[in-house]
Every structure is written in C-alpha cells, then in structure tokens.
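Peer 1: Got protein15.txt for you, compact mmCIF, C-alpha atoms and all ligand atoms:
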# COMPACT_ATOMS: atom_id res chain seq x y z
CA MET I 1 -19.08 -13.93 -9.16
CA LEU I 2 -15.46 -14.92 -9.90
CA VAL I 3 -12.93 -12.13 -10.36
CA LEU I 4 -9.41 -12.66 -11.71
CA GLY I 5 -7.09 -9.98 -10.28
CA ILE I 6 -3.69 -8.96 -11.63
CA GLU I 7 -1.05 -7.03 -9.66
CA SER I 8 2.20 -5.77 -11.24
CA THR I 9 2.71 -2.23 -9.92
CA CYS I 10 6.27 -2.74 -8.67
CA ASP I 11 8.40 -5.87 -8.28
CA GLU I 12 5.69 -8.43 -7.53
CA MET I 13 3.68 -10.25 -10.19
CA GLY I 14 0.45 -11.54 -8.71
CA VAL I 15 -2.64 -13.31 -10.01
CA SER I 16 -5.56 -14.22 -7.78
CA ILE I 17 -9.07 -15.61 -8.15
CA VAL I 18 -11.57 -14.24 -5.63
CA ARG I 19 -15.26 -15.07 -5.27
CA SER I 20 -17.59 -12.14 -4.60
CA GLY I 21 -14.87 -9.86 -3.27
CA ILE I 22 -14.14 -11.96 -0.21
CA GLU I 23 -13.42 -15.66 -0.73
CA ILE I 24 -9.85 -16.21 -1.96
CA LEU I 25 -9.65 -19.31 -4.17
CA SER I 26 -6.01 -18.67 -5.10
CA ASN I 27 -3.46 -15.89 -4.55
CA VAL I 28 -0.15 -16.49 -6.30
CA THR I 29 2.71 -13.99 -6.08
CA TYR I 30 6.12 -14.04 -7.73
CA SER I 31 8.38 -11.69 -5.78
CA GLN I 32 11.52 -10.27 -7.41
CA ILE I 33 13.14 -9.15 -4.13
CA ALA I 34 16.21 -11.37 -4.64
CA LEU I 35 16.77 -9.90 -8.11
CA HIS I 36 16.80 -6.29 -6.91
CA ARG I 37 18.63 -6.72 -3.60
CA GLU I 38 22.09 -5.99 -5.01
CA TYR I 39 20.85 -2.60 -6.24
CA GLY I 40 19.44 -1.60 -2.82
CA GLY I 41 16.02 -0.95 -4.39
CA VAL I 42 13.84 -1.85 -7.37
CA PHE I 43 15.53 -1.57 -10.79
CA PRO I 44 12.51 -0.55 -12.92
CA GLU I 45 13.62 -1.89 -16.32
CA MET I 46 14.53 -5.28 -14.87
CA ALA I 47 11.25 -5.45 -12.97
CA ALA I 48 9.22 -4.98 -16.16
CA ARG I 49 11.25 -7.58 -18.08
CA LYS I 50 10.85 -10.13 -15.30
CA HIS I 51 7.08 -9.51 -15.25
CA VAL I 52 6.94 -10.53 -18.94
CA GLU I 53 8.54 -13.87 -18.05
CA THR I 54 6.50 -14.57 -14.94
CA PHE I 55 2.95 -13.60 -15.92
CA ILE I 56 1.97 -16.83 -17.73
CA PRO I 57 3.36 -19.25 -15.08
CA VAL I 58 1.74 -17.21 -12.28
CA LEU I 59 -1.59 -17.11 -14.16
CA GLU I 60 -1.51 -20.87 -14.79
CA GLU I 61 -0.71 -21.59 -11.14
CA ALA I 62 -3.52 -19.31 -9.92
CA MET I 63 -6.07 -21.00 -12.22
CA LYS I 64 -4.83 -24.46 -11.19
CA VAL I 65 -4.95 -23.78 -7.43
CA ALA I 66 -8.44 -22.24 -7.73
CA GLY I 67 -9.56 -25.15 -9.94
CA VAL I 68 -11.38 -22.87 -12.36
CA THR I 69 -11.46 -22.52 -16.14
CA ALA I 70 -11.42 -19.36 -18.24
CA GLU I 71 -15.16 -19.72 -18.97
CA GLU I 72 -15.96 -19.51 -15.26
CA ILE I 73 -14.23 -16.14 -14.76
CA ASP I 74 -16.73 -13.24 -14.73
CA LEU I 75 -14.47 -10.19 -14.50
CA ILE I 76 -10.82 -9.17 -14.93
CA ALA I 77 -9.47 -6.58 -12.42
CA VAL I 78 -6.05 -5.03 -12.84
CA ALA I 79 -3.94 -2.62 -10.77
CA GLN I 80 -3.89 0.50 -12.96
CA GLY I 81 -1.66 2.60 -10.71
CA PRO I 82 0.13 4.07 -8.93
CA GLY I 83 3.40 2.31 -9.68
CA LEU I 84 6.33 1.97 -12.06
CA VAL I 85 5.12 2.62 -15.58
CA GLY I 86 7.01 -0.31 -17.17
CA SER I 87 5.71 -2.73 -14.54
CA LEU I 88 2.15 -1.40 -14.83
CA LEU I 89 2.19 -1.75 -18.62
CA ILE I 90 2.91 -5.49 -18.44
CA GLY I 91 0.01 -6.20 -16.04
CA LEU I 92 -2.30 -3.94 -18.03
CA HIS I 93 -1.45 -5.57 -21.35
CA ALA I 94 -1.97 -8.99 -19.80
CA ALA I 95 -5.37 -7.94 -18.40
CA LYS I 96 -6.51 -6.31 -21.65
CA THR I 97 -5.47 -9.37 -23.64
CA LEU I 98 -7.38 -11.73 -21.34
CA ALA I 99 -10.45 -9.46 -21.38
CA LEU I 100 -10.47 -9.45 -25.19
CA ALA I 101 -9.53 -13.11 -25.72
CA TRP I 102 -11.96 -14.43 -23.10
CA ASN I 103 -14.58 -11.76 -23.75
CA LYS I 104 -14.84 -10.59 -20.11
CA PRO I 105 -15.47 -7.15 -18.62
CA LEU I 106 -12.46 -5.25 -17.25
CA VAL I 107 -11.96 -2.81 -14.35
CA GLY I 108 -8.89 -0.78 -13.34
CA VAL I 109 -8.09 -0.71 -9.62
CA ASN I 110 -6.24 1.85 -7.49
CA HIS I 111 -3.44 -0.18 -5.90
CA VAL I 112 -3.22 1.88 -2.69
CA GLN I 113 -6.96 1.83 -2.14
CA ALA I 114 -6.68 -1.95 -2.57
CA HIS I 115 -4.16 -2.03 0.32
CA LEU I 116 -6.97 -0.70 2.56
CA TYR I 117 -9.41 -3.20 1.06
CA ALA I 118 -6.97 -5.95 2.11
CA ALA I 119 -7.83 -5.14 5.76
CA MET I 120 -11.59 -5.21 5.01
CA MET I 121 -11.21 -8.50 3.18
CA SER I 122 -9.16 -10.06 5.99
CA HIS I 123 -11.81 -9.31 8.63
CA LYS I 124 -14.90 -9.51 6.40
CA THR I 125 -16.12 -6.33 8.05
CA TRP I 126 -17.53 -3.10 6.68
CA ASN I 127 -17.63 -0.55 9.44
CA PHE I 128 -18.04 2.96 7.97
CA PRO I 129 -17.33 5.86 8.18
CA ALA I 130 -13.78 4.76 8.88
CA LEU I 131 -10.27 6.11 8.85
CA GLY I 132 -8.01 4.68 6.16
CA VAL I 133 -4.29 4.60 7.05
CA VAL I 134 -2.04 3.78 4.10
CA ILE I 135 1.58 3.13 5.10
CA SER I 136 3.52 1.54 2.27
CA GLY I 137 6.82 1.93 0.46
CA GLY I 138 5.34 4.43 -1.96
CA HIS I 139 2.53 6.14 0.01
CA THR I 140 1.61 7.50 3.40
CA TYR I 141 -1.82 9.04 3.86
CA LEU I 142 -4.93 9.26 6.03
CA SER I 143 -8.36 9.20 4.40
CA MET I 144 -12.02 9.09 5.32
CA LEU I 145 -13.64 5.92 3.97
CA THR I 146 -17.39 5.75 3.40
CA SER I 147 -17.37 2.51 1.38
CA PRO I 148 -14.71 0.12 0.02
CA VAL I 149 -14.39 2.34 -3.08
CA LYS I 150 -15.06 5.84 -1.73
CA GLU I 151 -12.49 7.84 0.16
CA GLU I 152 -11.53 11.46 0.70
CA LEU I 153 -7.99 12.43 1.59
CA ILE I 154 -7.33 13.87 5.06
CA GLY I 155 -3.55 14.17 4.98
CA THR I 156 -0.57 12.87 3.05
CA THR I 157 3.21 13.00 3.03
CA ILE I 158 4.84 15.98 1.41
CA ASP I 159 8.06 14.05 0.70
CA ASP I 160 8.99 10.44 1.51
CA ALA I 161 6.58 7.64 2.37
CA VAL I 162 7.12 6.02 5.77
CA GLY I 163 8.19 2.67 4.21
CA GLU I 164 10.63 4.54 1.99
CA ALA I 165 12.09 6.21 5.12
CA PHE I 166 12.54 2.74 6.70
CA ASP I 167 14.29 1.53 3.54
CA LYS I 168 16.61 4.57 3.43
CA VAL I 169 17.44 4.35 7.14
CA ALA I 170 18.22 0.65 6.61
CA VAL I 171 20.87 1.65 4.04
CA LEU I 172 22.38 4.14 6.53
CA LEU I 173 22.56 1.33 9.11
CA GLY I 174 24.23 -1.03 6.63
CA LEU I 175 21.18 -3.29 6.28
CA SER I 176 19.84 -4.96 3.15
CA TYR I 177 16.70 -4.36 1.01
CA PRO I 178 13.80 -4.14 1.75
CA GLY I 179 14.87 -2.46 4.94
CA GLY I 180 11.63 -2.18 6.93
CA PRO I 181 11.60 -5.68 8.46
CA LEU I 182 15.37 -5.52 9.13
CA VAL I 183 15.09 -2.15 10.92
CA GLU I 184 12.26 -3.62 13.02
CA LYS I 185 14.38 -6.67 13.90
CA LEU I 186 17.41 -4.55 14.86
CA ALA I 187 15.20 -2.13 16.84
CA LYS I 188 14.10 -4.99 19.12
CA THR I 189 17.49 -4.96 20.84
CA GLY I 190 17.77 -1.15 21.05
CA GLU I 191 16.50 1.59 23.37
CA LYS I 192 13.91 3.78 21.70
CA GLY I 193 14.74 6.96 23.62
CA ARG I 194 18.52 6.84 23.14
CA PHE I 195 18.68 9.24 20.18
CA PRO I 196 16.61 12.44 20.50
CA LEU I 197 14.97 12.41 17.05
CA LYS I 198 11.97 14.53 16.08
CA ALA I 199 9.07 13.81 13.74
CA GLY I 200 8.51 16.14 10.79
CA ARG I 201 5.88 18.90 11.07
CA VAL I 202 4.19 20.57 8.12
CA LYS I 203 3.31 24.17 8.88
CA GLU I 204 -0.45 24.78 9.17
CA ARG I 205 -1.20 21.28 7.81
CA PRO I 206 -1.72 19.16 10.94
CA TRP I 207 -2.74 16.01 9.03
CA ASP I 208 0.22 15.94 6.65
CA PHE I 209 3.47 14.01 7.09
CA SER I 210 7.11 14.70 6.32
CA TYR I 211 9.90 12.14 6.68
CA SER I 212 12.83 13.78 4.94
CA GLY I 213 13.90 15.76 8.05
CA LEU I 214 13.80 12.63 10.21
CA LYS I 215 15.86 10.79 7.61
CA THR I 216 18.47 13.60 7.67
CA GLN I 217 18.62 13.43 11.49
CA VAL I 218 19.36 9.69 11.17
CA LEU I 219 21.97 10.45 8.50
CA TYR I 220 23.87 12.79 10.89
CA ALA I 221 23.48 10.40 13.82
CA SER I 222 24.79 7.51 11.72
CA LYS I 223 28.12 9.21 11.01
CA GLU I 224 30.90 7.51 12.98
CA LEU I 225 28.29 5.43 14.75
CA ARG I 226 29.59 2.70 17.03
CA GLU I 227 28.41 -0.80 16.10
CA GLU I 228 26.65 -1.20 19.47
CA ASP I 229 24.65 2.02 18.91
CA LYS I 230 23.06 0.87 15.63
CA ALA I 231 20.22 -0.93 17.38
CA HIS I 232 19.53 2.18 19.51
CA LEU I 233 19.37 4.37 16.41
CA ALA I 234 17.05 1.87 14.65
CA ALA I 235 14.76 1.77 17.72
CA SER I 236 14.75 5.58 18.11
CA PHE I 237 13.92 6.13 14.43
CA GLN I 238 11.22 3.45 14.38
CA GLU I 239 9.53 4.86 17.46
CA VAL I 240 9.39 8.44 16.15
CA ALA I 241 8.30 7.44 12.63
CA LEU I 242 5.51 5.13 13.81
CA ARG I 243 4.29 7.32 16.68
CA ASP I 244 3.80 10.13 14.19
CA VAL I 245 1.45 7.92 12.13
CA VAL I 246 -0.46 6.60 15.15
CA ASP I 247 -0.75 10.04 16.85
CA LYS I 248 -2.18 11.66 13.72
CA ALA I 249 -4.49 8.70 13.10
CA THR I 250 -5.79 8.88 16.70
CA LYS I 251 -6.47 12.62 16.42
CA ALA I 252 -8.18 12.08 13.04
CA VAL I 253 -10.70 9.48 14.31
CA GLU I 254 -11.63 11.87 17.15
CA ASN I 255 -11.75 14.98 15.01
CA PHE I 256 -13.78 13.42 12.18
CA ASN I 257 -15.82 11.18 14.47
CA LEU I 258 -15.00 7.91 12.73
CA ASP I 259 -16.09 4.47 13.91
CA SER I 260 -13.14 2.30 12.98
CA VAL I 261 -9.71 2.21 11.35
CA TYR I 262 -8.45 0.20 8.35
CA VAL I 263 -4.67 0.00 7.98
CA GLY I 264 -2.93 -1.03 4.74
CA GLY I 265 0.52 -1.28 3.14
CA GLY I 266 3.77 -3.07 3.95
CA VAL I 267 4.56 -1.08 7.12
CA SER I 268 1.38 -2.48 8.72
CA ASN I 269 3.47 -5.66 9.23
CA ASN I 270 5.41 -3.87 11.95
CA MET I 271 4.60 -5.23 15.42
CA ARG I 272 5.56 -2.02 17.26
CA LEU I 273 3.06 -0.16 15.05
CA ARG I 274 0.31 -2.63 16.02
CA GLU I 275 1.21 -2.20 19.71
CA LEU I 276 1.03 1.60 19.43
CA PHE I 277 -2.36 1.40 17.70
CA SER I 278 -3.79 -0.79 20.44
CA GLU I 279 -2.39 1.50 23.17
CA LYS I 280 -3.75 4.68 21.61
CA MET I 281 -7.05 3.70 19.94
CA LYS I 282 -8.72 2.37 23.07
CA GLY I 283 -12.17 0.96 22.34
CA ARG I 284 -12.05 1.55 18.60
CA ALA I 285 -11.77 -1.30 16.13
CA VAL I 286 -8.48 -1.21 14.22
CA TYR I 287 -8.34 -3.67 11.30
CA PHE I 288 -5.01 -4.85 9.88
CA PRO I 289 -4.60 -7.07 6.82
CA SER I 290 -3.84 -10.72 7.50
CA PRO I 291 -0.13 -11.52 6.90
CA GLU I 292 -0.61 -12.92 3.37
CA LEU I 293 -2.47 -9.76 2.30
CA THR I 294 -0.10 -7.17 3.81
CA LEU I 295 2.42 -6.92 0.98
CA ASP I 296 1.61 -6.42 -2.71
CA ASN I 297 -0.79 -9.14 -3.88
CA ALA I 298 -3.50 -9.69 -6.47
CA ALA I 299 -6.26 -10.84 -4.08
CA MET I 300 -6.77 -7.27 -2.85
CA ILE I 301 -7.00 -6.13 -6.50
CA ALA I 302 -9.60 -8.78 -7.38
CA GLY I 303 -11.49 -7.97 -4.16
CA LEU I 304 -11.71 -4.23 -4.74
CA GLY I 305 -12.34 -4.83 -8.46
CA TYR I 306 -15.54 -6.66 -7.53
CA HIS I 307 -16.83 -3.64 -5.58
CA LEU I 308 -15.94 -1.27 -8.44
CA TRP I 309 -17.88 -3.52 -10.80
CA LEU I 310 -20.87 -3.45 -8.43
CA GLU I 311 -20.67 0.37 -8.52
CA GLY I 312 -20.89 0.26 -12.31
CA TYR I 313 -17.25 0.82 -13.28
CA ARG I 314 -16.14 -0.76 -16.61
CA GLU I 315 -13.08 -0.10 -18.77
CA ASP I 316 -12.53 -0.42 -22.50
CA PRO I 317 -9.80 -3.06 -23.00
CA LEU I 318 -8.52 -1.13 -26.00
CA SER I 319 -7.96 2.15 -24.20
CA LEU I 320 -7.10 1.45 -20.53
CA GLU I 321 -3.88 3.34 -19.68
CA PRO I 322 -1.52 3.07 -16.68
CA ILE I 323 -1.63 5.93 -14.16
CA PRO I 324 1.87 5.89 -12.56
CA ARG I 325 1.12 8.71 -10.11
CA ILE I 326 -2.22 9.14 -8.45
CA ILE I 327 -2.50 12.21 -6.27
CA PRO I 328 -5.58 11.78 -4.11
CA ARG I 329 -8.14 14.55 -3.97
CA HIS I 330 -8.02 16.54 -0.74
CA ARG I 331 -10.98 16.75 1.60
CA ARG I 332 -11.38 20.47 1.80
CA SER I 333 -9.60 21.92 -1.17
CA SER I 334 -9.08 21.17 -4.82
CA ARG I 335 -5.40 22.06 -4.68
CA GLU I 336 -4.26 18.48 -5.07
CA ALA I 337 -6.89 17.26 -7.53
CA SER I 338 -4.59 16.44 -10.37
CA CYS I 339 -5.94 13.24 -11.82
CA GLY I 340 -6.33 14.94 -15.19
CA SER I 341 -9.49 15.54 -17.15
CA SER I 342 -9.66 12.22 -19.03
CA SER I 343 -9.58 10.12 -15.87
CA GLU I 344 -11.47 12.61 -13.69
CA LYS I 345 -14.55 10.40 -13.40
CA HIS I 346 -12.56 7.29 -12.57
CA SER I 347 -12.50 5.81 -9.07
CA LEU I 348 -8.73 6.15 -9.10
CA CYS I 349 -9.22 9.86 -8.60
CA PHE I 350 -10.82 9.14 -5.21
CA SER I 351 -14.50 9.88 -5.44
O1 LIG M 1 2.90 -2.09 0.48
P1 LIG M 1 4.23 -2.53 0.03
O2 LIG M 1 4.45 -3.99 -0.20
O3 LIG M 1 4.67 -1.82 -1.27
C1 LIG M 1 4.19 -0.61 -1.77
O4 LIG M 1 3.07 -0.60 -2.35
O5 LIG M 1 4.93 0.37 -1.59
O6 LIG M 1 5.24 -1.99 1.15
C2 LIG M 1 6.61 -2.21 1.10
C3 LIG M 1 7.23 -1.34 2.18
C4 LIG M 1 8.75 -1.30 2.14
O7 LIG M 1 9.18 0.04 2.24
C5 LIG M 1 9.15 -2.11 3.38
O8 LIG M 1 10.39 -1.73 3.92
C6 LIG M 1 8.02 -1.79 4.32
O9 LIG M 1 6.87 -1.81 3.50
N1 LIG M 1 7.89 -2.80 5.39
C7 LIG M 1 8.09 -2.54 6.71
C8 LIG M 1 7.92 -3.78 7.39
N2 LIG M 1 7.62 -4.73 6.47
C9 LIG M 1 7.60 -4.11 5.25
N3 LIG M 1 8.38 -1.40 7.35
C10 LIG M 1 8.52 -1.45 8.70
N4 LIG M 1 8.39 -2.59 9.42
C11 LIG M 1 8.10 -3.78 8.82
N5 LIG M 1 7.98 -4.90 9.53
ZN ZN M 2 1.75 -1.76 -2.46
Rewrite the structure of this file - the entire thing - as structure tokens.
Ligand code: KG4
Ligand code: ZN
Peer 2:
Amino acid sequence: MLVLGIESTCDEMGVSIVRSGIEILSNVTYSQIALHREYGGVFPEMAARKHVETFIPVLEEAMKVAGVTAEEIDLIAVAQGPGLVGSLLIGLHAAKTLALAWNKPLVGVNHVQAHLYAAMMSHKTWNFPALGVVISGGHTYLSMLTSPVKEELIGTTIDDAVGEAFDKVAVLLGLSYPGGPLVEKLAKTGEKGRFPLKAGRVKERPWDFSYSGLKTQVLYASKELREEDKAHLAASFQEVALRDVVDKATKAVENFNLDSVYVGGGVSNNMRLRELFSEKMKGRAVYFPSPELTLDNAAMIAGLGYHLWLEGYREDPLSLEPIPRIIPRHRRSSREASCGSSSEKHSLCFS
C-alpha cells in the first residue's frame, strides 16, 4: 500500500511516499529556516505564503524520486494539527484537492504523534506498552503508548515546550534561530555545574513540566554576562532542562511498568540528551528517530497515516478542518479533554 504524506504544520513543506508504513520511497522537505531567521522565529503569514509556492515542486520531486504515478497512490495522509493555522490550511487544501482529483481516500494525522512514530519507523520495532517522550519546539509531554495510534497522556508542560526554551535561551545568549543546535554546540565548551539553575516543579503534578521559571533564571544570569561565561550558562541550562525530561521519563517507565521508550521531536537530536537516556534507562530499549526523521518531515505523516487507515479512519475531503491546538487527553482525569465535540471521535484527540 502506497501512502502519500503531506506535512506543513510550521515552516517546513514536506511530501513523502511510504510503502506500508515503513519503507520510505521518497521524503522531500523544503525548509524555510533561512527566510525566518531575521525575525528570530517563524513569521506565520510568510510561512503560509511560501507553502503555496513550494507545494507543487516538492510534490513533483517526491513523485519523481519514488518513481510512482498518481494511479499507484492508495491513500493521502496529511498533518491536520497541531500547528500554525495558515500553514496547516495550505497542506490540508493540497491534500483535499489531491484526494478529490485522484479519487483517493484521505486521513488526517496528529503531527506530534507522528514524531513518536518516526522513532518506530526508524527502528522498525513495535514494543508496547511503551513510554512516548515528545520533545519538540511546540510540545513536551510523556504518554503511554499501546499501539502506533493509541496513547494516553501522562504529563505535559504547563507553559513552554523544551525546544521553545532552547530557542528563547539562544536569543538571550545572542545566538541565531533555531537555537537548540546552537545552544548544544556552545554548551560543549562550558561547565554544566557553573550556574546553579533549577528545573521547574508543578505542585502535586509530578509528571508535568514547566520551563518558564528556568528561562527566567537564565534571563537574570545573562544580564551583564561576560563573553567567556556564555558557554557555561548554555551548558548549565541544557543540563537542567534535559535532566528534567530524562528523570521524569525514567520514573514513568518504572511507575507504569513500560517495556520501552520512543522519543520524538527536534530536541531528540541533542547528543547530551541521548547520553543521559543511556545512563539512566539501563537495560530498557530507548528508540530515537534516525537523523532524517527527527525534524518535521512528511514520511512520519505517511507512516502514521497508514496505521490510522488500518484502524478504519477516513476523512471527508470536503469537510476536513485544521486543528491548530490539540490538547491531549489526560490519563486519569478529563480535565484536559478539550478536543471539542465534533472531533471527539478522531484519533487526534488521543484515544
Ligand atoms: O520537532 P521540531 O522540528 O518542530 C516542532 O514540531 O516543534 O523541533 C524543533 C525544535 C526547535 O525548538 C529546535 O531548537 C529544537 O527542536 N532542536 C534542538 C536541537 N535540534 C533541534 N534542541 C536542542 N538540541 C538540539 N540539538
Ligand atoms: Zn514537529
């Protein structure tokens, strides 16, 4: 079964052709990083306009590299959210148009869940029940995975995502966008214990995260900072931010008795994070996405779309809507179930 995936949640336009959820025939991404760099972050209106220009060339390239024709495609999968609404609309319109013009079924995919699928796809392993660790620019959460499409939330951030904290700290240190890789590079030459920073705690919610306090500590420490101390501050921040993720993840696998860990999202690129995981999770399999599947891409969308299709999900190409904000449903309470009644049954709500 050949699935054509489309990703356009933020500033990357991606089209990929994947066979049976696993074999990547093509995975083409047009990144707009250079366009947004001067603004220190993604400029939403410009991102959407650029997606309009880049969709057709990216689609043509993906079809050419895969060596397939429109008739051979069996399913269209598109990232339905979360993301920037203007960006999502372009990918969704493109997907709906192809589904109607080529007469193919359509599924909407949760972009963050697809980040976790990227790790499954990279290792071709299904080892459930597992812990899902999403650490991206927009999301930070822990979930219990029982299949590629089923997850229940364990804990999430109450303010910034960890990648967002890296990006904001990068600005404070005078680095460019996106800041995560640059903070990691600078941290390599610094001492991680030099600045006494503390991870955020959320009262009576041991699985939740908070990064705004840590960011404020870096803000104060960065005032009148000597040039030679920048690397120490980067290393101290990185250590505290990543240890918080790995400590909570380690406690979660023990507490919920989970067999393995799937990590997804841009921050999973970080080598110090990978080191901390291997130090702490002794004996447990921790799966990271392969480098080409770590950042936003359409292969993970096509891959997860295949599994949604197997589970019976189908969308009407005339009524599929973007969902810019998806708040996952919490394990033990309904307090965060806010997917809305119309989309309540959809996989995006976290079944
Ligand atoms: O998953 P992603 O491509 O986009 C979202 O869906 O949000 O993640 C992008 C985020 C950015 O915040 C970026 O700074 C961060 O991932 N990132 C890193 C590293 N590489 C990317 N953070 C820390 N260390 C890295 N090496
Ligand atoms: Zn992403």
Peer 1: Which residue out of I:Ala165, I:Cys10, I:Ala285, I:Leu258 has the minimum interatomic distance to ligand ZN 2 (chain M) when all atoms listed in the file are used?
Peer 2: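 Closest candidate: I:Cys10.
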Peer 1: Which one of I:Asp74, I:Glu45, I:Glu227, I:Glu38 sits closest to Arg19 (chain I) if you count all atoms listed in the file?
Peer 2: I:Asp74
Peer 1: Chain I near ligand LIG 1 (chain M) within 8 Å: what's each residue's closest atom pair and its distance in Å to one decimal, counting all atoms listed in the file, ordered by chain then ascending residue number, as CSV?
Peer 2:
residue,atom,partner,partner_atom,distance
I:Thr9,CA,M:LIG1,O4,7.8
I:Cys10,CA,M:LIG1,O4,7.4
I:Gly83,CA,M:LIG1,O4,7.9
I:His111,CA,M:LIG1,O4,7.4
I:Val112,CA,M:LIG1,O4,6.8
I:His115,CA,M:LIG1,O1,7.1
I:Ile135,CA,M:LIG1,O1,7.1
I:Ser136,CA,M:LIG1,O6,4.1
I:Gly137,CA,M:LIG1,O5,3.2
I:Gly138,CA,M:LIG1,O5,4.1
I:His139,CA,M:LIG1,O5,6.5
I:Val162,CA,M:LIG1,O7,7.2
I:Gly163,CA,M:LIG1,O7,3.4
I:Glu164,CA,M:LIG1,O7,4.7
I:Ala165,CA,M:LIG1,O7,7.4
I:Phe166,CA,M:LIG1,O8,5.7
I:Asp167,CA,M:LIG1,O8,5.1
I:Tyr177,CA,M:LIG1,O8,7.4
I:Pro178,CA,M:LIG1,O8,4.7
I:Gly179,CA,M:LIG1,O8,4.7
I:Gly180,CA,M:LIG1,O8,3.3
I:Pro181,CA,M:LIG1,N5,3.9
I:Leu182,CA,M:LIG1,N5,7.4
I:Val183,CA,M:LIG1,N4,6.9
I:Glu184,CA,M:LIG1,N4,5.4
I:Lys185,CA,M:LIG1,N5,7.9
I:Gln238,CA,M:LIG1,C10,8.0
I:Gly264,CA,M:LIG1,O1,7.3
I:Gly265,CA,M:LIG1,O1,3.7
I:Gly266,CA,M:LIG1,O6,3.3
I:Val267,CA,M:LIG1,N3,3.8
I:Ser268,CA,M:LIG1,C8,6.8
I:Asn269,CA,M:LIG1,N5,4.6
I:Asn270,CA,M:LIG1,N5,3.7
I:Met271,CA,M:LIG1,N5,6.8
I:Thr294,CA,M:LIG1,O1,6.8
I:Leu295,CA,M:LIG1,O2,3.8
I:Asp296,CA,M:LIG1,O2,4.5
Peer 1: Restricting the calculation to only C-alpha atoms and all ligand atoms: of I:Asn297, I:Val78, I:Ile73, I:Ala252, which residue gets closest to ligand ZN 2 (chain M)?
Peer 2: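 So, comparing all the options, the nearest one is I:Asn297.
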Peer 1: Need the shell around Val85 (chain I): protein/DNA/RNA residues with any atom at most 7 Å away, counting all atoms listed in the file. Skip same-chain ones fewer than 3 positions apart. Format as a ChimeraX atom specification?
Peer 2: /I:88-89,322,324
Peer 1: Okay, now the selection with C-alpha atoms, as a PDB file, keeping the file's coordinate frame?
Peer 2:
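Contents of the output file out-v5.pdb:
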ATOM      1  CA  LEU I  88       2.150  -1.400 -14.830  1.00  0.00           C
ATOM      2  CA  LEU I  89       2.190  -1.750 -18.620  1.00  0.00           C
ATOM      3  CA  PRO I 322      -1.520   3.070 -16.680  1.00  0.00           C
ATOM      4  CA  PRO I 324       1.870   5.890 -12.560  1.00  0.00           C
TER       5      PRO I 324
END
